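Report on one structure; see the data block that follows.
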Amino acid sequence: MSWIALARERPAGSLWPGGRPLVLGFALPALLLVVWQVICLARWLPPYILPSPVAVVERFATELADGRFGQDVWASLSRVLKGFFFGSAAGLAFGLLLGLSRWADRLLGPLFMAYRQIALFAWVPLLSMWFGGGETGKVAFVTLSAFAPVVVNTWRAIRAIPDPLNELGAVLTFNRLDHVSLIALPGALPGIATGLRSAMIYAWLATVGAELFLDIAPGMGGRLNEGRDKFEVDLMLVALVVLTGLGLLFSQAAALIERRLVRWRTR
Amino acid sequence: MNSHVGNQPAFEAIEFTPALEIDHVSKTFYVAGRNVEVLRNISLSVRPGEFVAIVGASGCGKSTLLRLVLGLDTDYEGDIRLEGERVRRPGLDRGMVFQEHRLLPWLTAAGNVAAALRRSGLPAPERARLVTEHLSLVGLGNFAHAWPAQLSGGMSQRVAIARALVNRPRFLLLDEPLGALDALTRLRLQDELSRIVQRENSTVLLVTHDVDEAVFLADRIVVLQPDPGRVSRIVNIDLDRRNRDRSAPAFLRLRDEVLDVLGVRRTAREAAA
């Protein structure tokens, strides 16, 4: 009983939002880990198909000792961050333009909606033609993937600001700048934060995709390819676990920042 | 106080330009394919410093009239003049309190009041001083840093009143400002509103459906009748504004007079009581 209460009382800003009991959240993964180890110990599957958790941890340790792994993580991270930065900055600007200007909405809105219908990975061949399969092409693809979610959420969030508040701006004789800084931007902030979070998810997706489909280069996707080519499932599993860990870390950081930004709402 | 009394004879002698002139105003909305006449031929002249209440059944165009005076809508027939000048757009000479407080949820109480000073052109220290002064005026000196989500309905509406007053507007426009509050809070805020308005000496236009509130606060009550909204009668409230007793016979007589004009029959009132 008491541990549930304790878990709920953890202050806002702790690792798991929503006050989910920490122990329950880890119970299922732990159980799966045990089942996995048992399957391997019982030799139900050959180790080259499914290496044991212990073997994966050992592989992780050798990779870390090698020193190359750090470079791979850093290579993927820098792609994600670059693409996320360029894509969301452009997305924010474009989303604000669509949300704030009726003309931009009418002129560019339909074009943007058409662009959204293109599946993300359909851009890969075109972008690799334009920017090459190297670093530039990869970052361009990540940038593109982070762009759309920020645009959509920013645009929608500004449109969703209640008319009475816009009218208040008129009563207080706000100019355009006052309106944006005091009403539109803060009012759209929760929506913009949602857009940035999904942009982060898309950026990860695109980074790994770019590393798998474009030229071979250091990075987590590269290690996945290497594992497949060399038939080293333990290496592939290490890469997947690291990707999961980094993804979780980013989404937690994003949630933390979001709570800080909209603290007027959460109290 | 003395200077006010001293000014009295001058007030009688000189012809003043009305602070607010509503001159044969009619307004028609185009709704769902047909024209709906909301206001017909409204004329009203308000003296500087006067408190005028507009009462009427819902749908008689009270709030529309206030929006026109505010300058949010300039598409109407007739003329609305503030100190002789036609209203073209909203201005800081008019402070407005809506029925819902309309505080910006991402700004603190002080931030919301300060937002009204954004276009005032005043230096920052002066703004800060005015914000503090007006929050104290509405009794929220200790709540400057509270978020709107942390304030009760009555407190939020006090912040909205402070926001409307902070520019020292010559006109205060109140659109059922206490309508959404519970009865006790409403009575308390009526007292405060009366005190504040006398202190600020602004010209006030109050839209309300609460006849007691109108009799308690106003110098004159304009009774509107609906479909389309037009002036039914203007009732002078010749009670001392500083000291009104809600249960005095004179007060009740005026209230009954207004209710009669509104068509609420005495028998019905007695049956309800």
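Each chain in the structure tokens gets a letter, A, B, ..., in the order shown, and its residues are numbered from 1; ligands are numbered from 1 in order too.
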Spatial neighbours of Leu248 in chain A, max dist 12 Å, only C-alpha atoms, sep filter under 2 positions, as a PDB file with C-alpha atoms, in the first residue's frame:
```
ATOM      1  CA  LEU A  15      11.515  10.908 -14.109  1.00  0.00           C
ATOM      2  CA  TRP A  16       8.151   9.338 -14.870  1.00  0.00           C
ATOM      3  CA  ARG A 197       8.264  16.265 -28.930  1.00  0.00           C
ATOM      4  CA  MET A 200      12.138  14.532 -31.783  1.00  0.00           C
ATOM      5  CA  ILE A 201      10.574  11.116 -32.302  1.00  0.00           C
ATOM      6  CA  TRP A 204      15.233   9.623 -34.343  1.00  0.00           C
ATOM      7  CA  VAL A 241      19.001  -1.181 -26.453  1.00  0.00           C
ATOM      8  CA  VAL A 242      21.178   1.928 -26.792  1.00  0.00           C
ATOM      9  CA  LEU A 243      18.668   3.480 -29.207  1.00  0.00           C
ATOM     10  CA  THR A 244      15.856   2.793 -26.744  1.00  0.00           C
ATOM     11  CA  GLY A 245      17.816   4.303 -23.880  1.00  0.00           C
ATOM     12  CA  LEU A 246      18.672   7.451 -25.811  1.00  0.00           C
ATOM     13  CA  PHE A 250      15.240  12.544 -24.891  1.00  0.00           C
ATOM     14  CA  SER A 251      11.518  12.165 -24.308  1.00  0.00           C
ATOM     15  CA  GLN A 252      12.008  12.608 -20.552  1.00  0.00           C
ATOM     16  CA  ALA A 253      14.105  15.710 -21.094  1.00  0.00           C
ATOM     17  CA  ALA A 254      11.457  17.063 -23.457  1.00  0.00           C
ATOM     18  CA  ALA A 255       8.686  16.414 -20.915  1.00  0.00           C
TER      19      ALA A 255
END
```
Exercise for review: Identify, on the basis of only C-alpha atoms, every residue whose closest approach to Leu168 in chain A does not exceed 10 Å; exclude the query and any residue fewer than 2 positions from it along the same chain; express the result as a PyMOL selection string.
Suggested key: (chain A and resi 163-166+170-174+179+183) or (chain B and resi 96-98+102-104+116)
Point to revise | Distance filter 12 Å, only C-alpha atoms, chain B against chain A, as a VMD selection string | key: chain B and resid 67 to 73 89 to 109 111 to 120 145 to 151 160 163 to 167 169 173
What parts of range 94-187 of chain B does DSSP call alpha helix (DSSP H)? I'd like the answer as a PDB file with N, CA and C atoms, in the first residue's frame.
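File produced: result.pdb:
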```pdb
ATOM      1  N   ALA B 109      -1.280  37.564 -12.028  1.00  0.00           N
ATOM      2  CA  ALA B 109      -2.234  38.656 -11.817  1.00  0.00           C
ATOM      3  C   ALA B 109      -1.589  39.989 -12.201  1.00  0.00           C
ATOM      4  N   ALA B 110      -0.371  40.212 -11.699  1.00  0.00           N
ATOM      5  CA  ALA B 110       0.324  41.464 -12.014  1.00  0.00           C
ATOM      6  C   ALA B 110       0.610  41.574 -13.511  1.00  0.00           C
ATOM      7  N   GLY B 111       1.002  40.453 -14.111  1.00  0.00           N
ATOM      8  CA  GLY B 111       1.288  40.441 -15.541  1.00  0.00           C
ATOM      9  C   GLY B 111       0.063  40.793 -16.369  1.00  0.00           C
ATOM     10  N   ASN B 112      -1.097  40.301 -15.928  1.00  0.00           N
ATOM     11  CA  ASN B 112      -2.324  40.608 -16.644  1.00  0.00           C
ATOM     12  C   ASN B 112      -2.676  42.095 -16.561  1.00  0.00           C
ATOM     13  N   VAL B 113      -2.493  42.678 -15.385  1.00  0.00           N
ATOM     14  CA  VAL B 113      -2.775  44.109 -15.246  1.00  0.00           C
ATOM     15  C   VAL B 113      -1.765  44.909 -16.071  1.00  0.00           C
ATOM     16  N   ALA B 114      -0.496  44.462 -16.020  1.00  0.00           N
ATOM     17  CA  ALA B 114       0.552  45.172 -16.758  1.00  0.00           C
ATOM     18  C   ALA B 114       0.328  45.099 -18.267  1.00  0.00           C
ATOM     19  N   ALA B 115      -0.318  44.010 -18.731  1.00  0.00           N
ATOM     20  CA  ALA B 115      -0.569  43.862 -20.185  1.00  0.00           C
ATOM     21  C   ALA B 115      -1.381  45.036 -20.715  1.00  0.00           C
ATOM     22  N   ALA B 124       8.858  52.019 -17.416  1.00  0.00           N
ATOM     23  CA  ALA B 124       8.677  50.791 -16.649  1.00  0.00           C
ATOM     24  C   ALA B 124       8.414  50.997 -15.155  1.00  0.00           C
ATOM     25  N   PRO B 125       9.164  51.863 -14.459  1.00  0.00           N
ATOM     26  CA  PRO B 125       8.911  52.019 -13.016  1.00  0.00           C
ATOM     27  C   PRO B 125       7.492  52.537 -12.739  1.00  0.00           C
ATOM     28  N   GLU B 126       7.034  53.450 -13.605  1.00  0.00           N
ATOM     29  CA  GLU B 126       5.695  53.997 -13.455  1.00  0.00           C
ATOM     30  C   GLU B 126       4.642  52.903 -13.654  1.00  0.00           C
ATOM     31  N   ARG B 127       4.884  52.029 -14.636  1.00  0.00           N
ATOM     32  CA  ARG B 127       3.956  50.913 -14.868  1.00  0.00           C
ATOM     33  C   ARG B 127       3.885  50.002 -13.654  1.00  0.00           C
ATOM     34  N   ALA B 128       5.068  49.657 -13.128  1.00  0.00           N
ATOM     35  CA  ALA B 128       5.118  48.763 -11.971  1.00  0.00           C
ATOM     36  C   ALA B 128       4.344  49.378 -10.808  1.00  0.00           C
ATOM     37  N   ARG B 129       4.512  50.685 -10.629  1.00  0.00           N
ATOM     38  CA  ARG B 129       3.830  51.373  -9.539  1.00  0.00           C
ATOM     39  C   ARG B 129       2.309  51.309  -9.742  1.00  0.00           C
ATOM     40  N   LEU B 130       1.866  51.559 -10.981  1.00  0.00           N
ATOM     41  CA  LEU B 130       0.436  51.545 -11.277  1.00  0.00           C
ATOM     42  C   LEU B 130      -0.174  50.151 -11.069  1.00  0.00           C
ATOM     43  N   VAL B 131       0.574  49.122 -11.477  1.00  0.00           N
ATOM     44  CA  VAL B 131       0.078  47.750 -11.312  1.00  0.00           C
ATOM     45  C   VAL B 131      -0.125  47.443  -9.839  1.00  0.00           C
ATOM     46  N   THR B 132       0.894  47.742  -9.029  1.00  0.00           N
ATOM     47  CA  THR B 132       0.806  47.497  -7.588  1.00  0.00           C
ATOM     48  C   THR B 132      -0.362  48.270  -6.979  1.00  0.00           C
ATOM     49  N   GLU B 133      -0.464  49.535  -7.370  1.00  0.00           N
ATOM     50  CA  GLU B 133      -1.517  50.392  -6.821  1.00  0.00           C
ATOM     51  C   GLU B 133      -2.905  49.825  -7.137  1.00  0.00           C
ATOM     52  N   HIS B 134      -3.089  49.363  -8.379  1.00  0.00           N
ATOM     53  CA  HIS B 134      -4.429  48.910  -8.770  1.00  0.00           C
ATOM     54  C   HIS B 134      -4.758  47.526  -8.241  1.00  0.00           C
ATOM     55  N   LEU B 135      -3.733  46.685  -8.069  1.00  0.00           N
ATOM     56  CA  LEU B 135      -4.011  45.400  -7.429  1.00  0.00           C
ATOM     57  C   LEU B 135      -4.418  45.625  -5.976  1.00  0.00           C
ATOM     58  N   SER B 136      -3.780  46.575  -5.307  1.00  0.00           N
ATOM     59  CA  SER B 136      -4.169  46.894  -3.927  1.00  0.00           C
ATOM     60  C   SER B 136      -5.573  47.469  -3.898  1.00  0.00           C
ATOM     61  N   LEU B 137      -5.884  48.289  -4.898  1.00  0.00           N
ATOM     62  CA  LEU B 137      -7.197  48.925  -4.967  1.00  0.00           C
ATOM     63  C   LEU B 137      -8.314  47.877  -4.976  1.00  0.00           C
ATOM     64  N   GLY B 153     -13.208  32.750  -8.783  1.00  0.00           N
ATOM     65  CA  GLY B 153     -13.920  33.555  -9.773  1.00  0.00           C
ATOM     66  C   GLY B 153     -13.970  35.021  -9.391  1.00  0.00           C
ATOM     67  N   GLY B 154     -14.263  35.289  -8.102  1.00  0.00           N
ATOM     68  CA  GLY B 154     -14.348  36.670  -7.641  1.00  0.00           C
ATOM     69  C   GLY B 154     -13.006  37.378  -7.719  1.00  0.00           C
ATOM     70  N   MET B 155     -11.948  36.658  -7.335  1.00  0.00           N
ATOM     71  CA  MET B 155     -10.607  37.254  -7.376  1.00  0.00           C
ATOM     72  C   MET B 155     -10.192  37.536  -8.817  1.00  0.00           C
ATOM     73  N   SER B 156     -10.501  36.592  -9.710  1.00  0.00           N
ATOM     74  CA  SER B 156     -10.155  36.800 -11.122  1.00  0.00           C
ATOM     75  C   SER B 156     -10.846  38.040 -11.660  1.00  0.00           C
ATOM     76  N   GLN B 157     -12.123  38.211 -11.273  1.00  0.00           N
ATOM     77  CA  GLN B 157     -12.854  39.362 -11.785  1.00  0.00           C
ATOM     78  C   GLN B 157     -12.297  40.663 -11.188  1.00  0.00           C
ATOM     79  N   ARG B 158     -11.797  40.600  -9.956  1.00  0.00           N
ATOM     80  CA  ARG B 158     -11.129  41.782  -9.388  1.00  0.00           C
ATOM     81  C   ARG B 158      -9.898  42.144 -10.193  1.00  0.00           C
ATOM     82  N   VAL B 159      -9.115  41.131 -10.594  1.00  0.00           N
ATOM     83  CA  VAL B 159      -7.938  41.405 -11.428  1.00  0.00           C
ATOM     84  C   VAL B 159      -8.379  42.060 -12.731  1.00  0.00           C
ATOM     85  N   ALA B 160      -9.483  41.535 -13.300  1.00  0.00           N
ATOM     86  CA  ALA B 160      -9.989  42.105 -14.559  1.00  0.00           C
ATOM     87  C   ALA B 160     -10.409  43.563 -14.361  1.00  0.00           C
ATOM     88  N   ILE B 161     -10.970  43.874 -13.185  1.00  0.00           N
ATOM     89  CA  ILE B 161     -11.358  45.261 -12.892  1.00  0.00           C
ATOM     90  C   ILE B 161     -10.104  46.129 -12.768  1.00  0.00           C
ATOM     91  N   ALA B 162      -9.082  45.604 -12.079  1.00  0.00           N
ATOM     92  CA  ALA B 162      -7.821  46.349 -11.961  1.00  0.00           C
ATOM     93  C   ALA B 162      -7.221  46.604 -13.342  1.00  0.00           C
ATOM     94  N   ARG B 163      -7.293  45.596 -14.214  1.00  0.00           N
ATOM     95  CA  ARG B 163      -6.763  45.735 -15.576  1.00  0.00           C
ATOM     96  C   ARG B 163      -7.512  46.824 -16.351  1.00  0.00           C
ATOM     97  N   ALA B 164      -8.850  46.879 -16.131  1.00  0.00           N
ATOM     98  CA  ALA B 164      -9.647  47.881 -16.850  1.00  0.00           C
ATOM     99  C   ALA B 164      -9.346  49.289 -16.347  1.00  0.00           C
ATOM    100  N   LEU B 165      -8.946  49.398 -15.068  1.00  0.00           N
ATOM    101  CA  LEU B 165      -8.761  50.718 -14.459  1.00  0.00           C
ATOM    102  C   LEU B 165      -7.343  51.264 -14.580  1.00  0.00           C
ATOM    103  N   ALA B 183     -23.885  34.832  -5.326  1.00  0.00           N
ATOM    104  CA  ALA B 183     -24.641  35.985  -4.833  1.00  0.00           C
ATOM    105  C   ALA B 183     -23.866  36.798  -3.790  1.00  0.00           C
ATOM    106  N   LEU B 184     -23.184  36.101  -2.892  1.00  0.00           N
ATOM    107  CA  LEU B 184     -22.484  36.796  -1.806  1.00  0.00           C
ATOM    108  C   LEU B 184     -21.298  37.599  -2.349  1.00  0.00           C
ATOM    109  N   THR B 185     -20.499  36.954  -3.200  1.00  0.00           N
ATOM    110  CA  THR B 185     -19.360  37.635  -3.822  1.00  0.00           C
ATOM    111  C   THR B 185     -19.841  38.828  -4.640  1.00  0.00           C
ATOM    112  N   ARG B 186     -20.997  38.643  -5.291  1.00  0.00           N
ATOM    113  CA  ARG B 186     -21.525  39.718  -6.133  1.00  0.00           C
ATOM    114  C   ARG B 186     -21.850  40.953  -5.288  1.00  0.00           C
ATOM    115  N   LEU B 187     -22.520  40.744  -4.155  1.00  0.00           N
ATOM    116  CA  LEU B 187     -22.856  41.873  -3.278  1.00  0.00           C
ATOM    117  C   LEU B 187     -21.594  42.580  -2.808  1.00  0.00           C
TER     118      LEU B 187
END
```
